[in-house]
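Working notes, structure below.
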Amino acid sequence: MALARNSRHKRTVDYWPGFVDALSTLLMAIMFLLTVFVVGQFILSREISGRDEVLNRLNSQINELTQALALEKSGKQDLEDSVANLQASLSAVEGDRSRLQALLDAGSGNSQAAQQRVGTLTQQLDEQKQASARALSQVDLLNQQIAALRSQIAAVEAALQASEQKDQTSQVKIADLGRRLNVALAQRVQELNRYRSDFFGRLREILSDRDNIRIVGDRFVFQSEVLFPSGAADLNPDGQAEMAKLAAALIDLSKEIPPEINWVLRVDGHTDNVPLSGSGRYPDNWALSSARAIAVVKFLIAHGVPADRLVAAGFGEFQPIAPGDTPEARATNRRIELKLTEK
């Protein structure tokens, strides 16, 4: 009987190293979770700005916190298992003490040894009760930390949802602004087309009735022979007379066009495909077409047309409107085009 009691006593004392290991593991888990919590707070405070970065990093933060919560739950489960083992050991010790006390009361066995055994078991029981109380306190602390982590995850998810909602609202506003802008641009284009039609109608009335002055699409076309001598960029007398009429019509029109329509008259110079000799004033058709467009623009400015409403461009022989190399096709391609357009 004494041998059996000694064996039970040895098995009871062997629980203490396992309990110490459990407490060490618990402390390490708590330190790790606190470190994860502090690092998560620091990352969250620094990475919350920037729409696209916010969305990505908030998702990453939620994953990290979820992993930390899983680790926390795992540590809590280990601690609860340790508490259950301690409680089982406590029950076993209490059972031993009860049996020894019963034997002592019945007068069997060595009374003094039994009393010592009861005292030892009682001391061990008190120690285990204290350890169990500390473990339960740590379980409560872990529960509080888990609740705090859950609250933080909920706050991060709320911030993520608010950011996504704000992004959707911004996209709707951008789409609405784009639609309004397209409508406004379409209205401006329609207004400019109306003024262009009025302008061309006036030009048709005031300019000489010639076959070499005509409207082609959205452009008013002068054949070069009306305005310039062959190979030159100085307006001839007939050309000056026609451009003076153009300037007067343009000045009248500028008074009618609303100021919010940012219009210009583009003057485009074109030549035929016959190359210049290179020994004259203009080395090639690029230079000649540009010089003729500039000559028209300067003449219009001198007659009162605002310079900020005029644009000169030279295209050389590279934008023909009549195919072929016949004299008629080349004469058609030598031209000055006027286009009323937006800047």
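If you're wondering about the labels, chains in the structure tokens are A, B, ... by order shown, residues count from 1 in each chain, ligands from 1 in order shown.
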Quiz item: Can you list every residue in segment 108-316 of chain A that DSSP puts in strand (DSSP E), as a ChimeraX atom specification?
Solution: /A:213-216,219-223,263-270,310-314
Keeping only N, CA and C atoms, write the selected residues to a file as a PDB file, in the first residue's frame.
```pdb
ATOM      1  N   ILE A 213     -12.660  80.233-106.989  1.00  0.00           N
ATOM      2  CA  ILE A 213     -12.928  80.476-105.575  1.00  0.00           C
ATOM      3  C   ILE A 213     -14.185  79.682-105.242  1.00  0.00           C
ATOM      4  N   ARG A 214     -14.049  78.659-104.379  1.00  0.00           N
ATOM      5  CA  ARG A 214     -15.175  77.761-104.138  1.00  0.00           C
ATOM      6  C   ARG A 214     -15.106  77.195-102.716  1.00  0.00           C
ATOM      7  N   ILE A 215     -16.183  76.548-102.322  1.00  0.00           N
ATOM      8  CA  ILE A 215     -16.256  75.871-101.025  1.00  0.00           C
ATOM      9  C   ILE A 215     -16.099  74.371-101.250  1.00  0.00           C
ATOM     10  N   VAL A 216     -15.179  73.766-100.529  1.00  0.00           N
ATOM     11  CA  VAL A 216     -14.944  72.328-100.595  1.00  0.00           C
ATOM     12  C   VAL A 216     -15.080  71.782 -99.170  1.00  0.00           C
ATOM     13  N   ARG A 219     -14.144  73.915 -95.959  1.00  0.00           N
ATOM     14  CA  ARG A 219     -13.062  74.835 -96.277  1.00  0.00           C
ATOM     15  C   ARG A 219     -13.466  75.749 -97.442  1.00  0.00           C
ATOM     16  N   PHE A 220     -12.950  76.975 -97.402  1.00  0.00           N
ATOM     17  CA  PHE A 220     -13.095  77.923 -98.501  1.00  0.00           C
ATOM     18  C   PHE A 220     -11.772  77.927 -99.254  1.00  0.00           C
ATOM     19  N   VAL A 221     -11.810  77.619-100.549  1.00  0.00           N
ATOM     20  CA  VAL A 221     -10.591  77.365-101.322  1.00  0.00           C
ATOM     21  C   VAL A 221     -10.393  78.457-102.365  1.00  0.00           C
ATOM     22  N   PHE A 222      -9.168  79.070-102.336  1.00  0.00           N
ATOM     23  CA  PHE A 222      -8.717  80.001-103.377  1.00  0.00           C
ATOM     24  C   PHE A 222      -7.635  79.304-104.182  1.00  0.00           C
ATOM     25  N   GLN A 223      -7.770  79.271-105.468  1.00  0.00           N
ATOM     26  CA  GLN A 223      -6.656  78.791-106.284  1.00  0.00           C
ATOM     27  C   GLN A 223      -5.519  79.818-106.202  1.00  0.00           C
ATOM     28  N   TRP A 263     -12.287  80.226 -81.258  1.00  0.00           N
ATOM     29  CA  TRP A 263     -12.160  79.928 -82.685  1.00  0.00           C
ATOM     30  C   TRP A 263     -10.900  80.538 -83.277  1.00  0.00           C
ATOM     31  N   VAL A 264     -10.481  79.976 -84.405  1.00  0.00           N
ATOM     32  CA  VAL A 264      -9.383  80.531 -85.205  1.00  0.00           C
ATOM     33  C   VAL A 264      -9.708  80.302 -86.681  1.00  0.00           C
ATOM     34  N   LEU A 265      -9.129  81.131 -87.531  1.00  0.00           N
ATOM     35  CA  LEU A 265      -9.184  80.914 -88.976  1.00  0.00           C
ATOM     36  C   LEU A 265      -7.831  80.342 -89.392  1.00  0.00           C
ATOM     37  N   ARG A 266      -7.839  79.110 -89.855  1.00  0.00           N
ATOM     38  CA  ARG A 266      -6.591  78.467 -90.273  1.00  0.00           C
ATOM     39  C   ARG A 266      -6.379  78.679 -91.761  1.00  0.00           C
ATOM     40  N   VAL A 267      -5.209  79.183 -92.116  1.00  0.00           N
ATOM     41  CA  VAL A 267      -4.840  79.442 -93.512  1.00  0.00           C
ATOM     42  C   VAL A 267      -3.804  78.393 -93.909  1.00  0.00           C
ATOM     43  N   ASP A 268      -4.169  77.511 -94.842  1.00  0.00           N
ATOM     44  CA  ASP A 268      -3.295  76.420 -95.267  1.00  0.00           C
ATOM     45  C   ASP A 268      -2.795  76.685 -96.677  1.00  0.00           C
ATOM     46  N   GLY A 269      -1.470  76.616 -96.865  1.00  0.00           N
ATOM     47  CA  GLY A 269      -0.868  76.771 -98.185  1.00  0.00           C
ATOM     48  C   GLY A 269      -0.547  75.425 -98.797  1.00  0.00           C
ATOM     49  N   HIS A 270      -0.882  75.238-100.097  1.00  0.00           N
ATOM     50  CA  HIS A 270      -0.620  73.985-100.813  1.00  0.00           C
ATOM     51  C   HIS A 270      -0.010  74.310-102.181  1.00  0.00           C
ATOM     52  N   LEU A 310      -5.712  83.752 -85.902  1.00  0.00           N
ATOM     53  CA  LEU A 310      -5.201  83.310 -87.195  1.00  0.00           C
ATOM     54  C   LEU A 310      -4.096  82.278 -87.002  1.00  0.00           C
ATOM     55  N   VAL A 311      -4.072  81.302 -87.899  1.00  0.00           N
ATOM     56  CA  VAL A 311      -3.031  80.263 -87.896  1.00  0.00           C
ATOM     57  C   VAL A 311      -2.578  80.054 -89.332  1.00  0.00           C
ATOM     58  N   ALA A 312      -1.263  79.977 -89.552  1.00  0.00           N
ATOM     59  CA  ALA A 312      -0.710  79.733 -90.890  1.00  0.00           C
ATOM     60  C   ALA A 312      -0.013  78.378 -90.902  1.00  0.00           C
ATOM     61  N   ALA A 313      -0.257  77.595 -91.964  1.00  0.00           N
ATOM     62  CA  ALA A 313       0.363  76.277 -92.087  1.00  0.00           C
ATOM     63  C   ALA A 313       0.705  76.016 -93.544  1.00  0.00           C
ATOM     64  N   GLY A 314       1.863  75.379 -93.778  1.00  0.00           N
ATOM     65  CA  GLY A 314       2.286  75.025 -95.121  1.00  0.00           C
ATOM     66  C   GLY A 314       2.353  73.524 -95.289  1.00  0.00           C
TER      67      GLY A 314
END
```
Just the residues within 7 Å of segment 149-165 of chain A, please, counting only C-alpha atoms, with nothing from its chain fewer than 5 positions along; format it as a compact mmCIF listing (two decimals) with C-alpha atoms, in the first residue's frame.
```txt
# COMPACT_ATOMS: atom_id res chain seq x y z
CA LEU A 55 -7.06 49.21 -50.89
CA LEU A 58 -5.74 47.26 -46.06
CA ILE A 62 -6.62 42.15 -42.74
CA LEU A 65 -4.46 40.30 -38.44
CA LEU A 69 -5.99 35.92 -34.58
```
Self-check item: Polymer residues at most 12 Å from Ser290 of chain A, only C-alpha atoms, same-chain spacing of 3 or more positions, as number ranges by chain
Solution: A: 232-233, 267-271, 282-287, 293-297, 311-317, 335-336
Quiz item: Running DSSP on the backbone, which parts of segment 161-331 of chain A land in alpha helix (DSSP H), as a PyMOL selection string?
Solution: chain A and resi 161-206+224-227+237-256+285-302+327-331
Exercise. Would you mind listing what lies within 12 Å of Met28 of chain A as number ranges by chain, with only C-alpha atoms counted and same-chain residues fewer than 5 positions away left out?
Key: A: 21-23, 33-35, 71-72, 75
Exercise. Please provide the set of residues having any atom within 12 Å of Glu225 of chain A, restricted to only C-alpha atoms, with same-chain residues fewer than 6 positions apart removed, written as a ChimeraX atom specification.
Key: /A:210-213,231-239,271,292,330-336
Practice problem: Tell me, in Å to one decimal, how far atom CA of Asp325 of chain A is from atom CA of Val226 of chain A. | Solution: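 Pair atom CA of Asp325 of chain A / atom CA of Val226 of chain A returns 20.9 Å.
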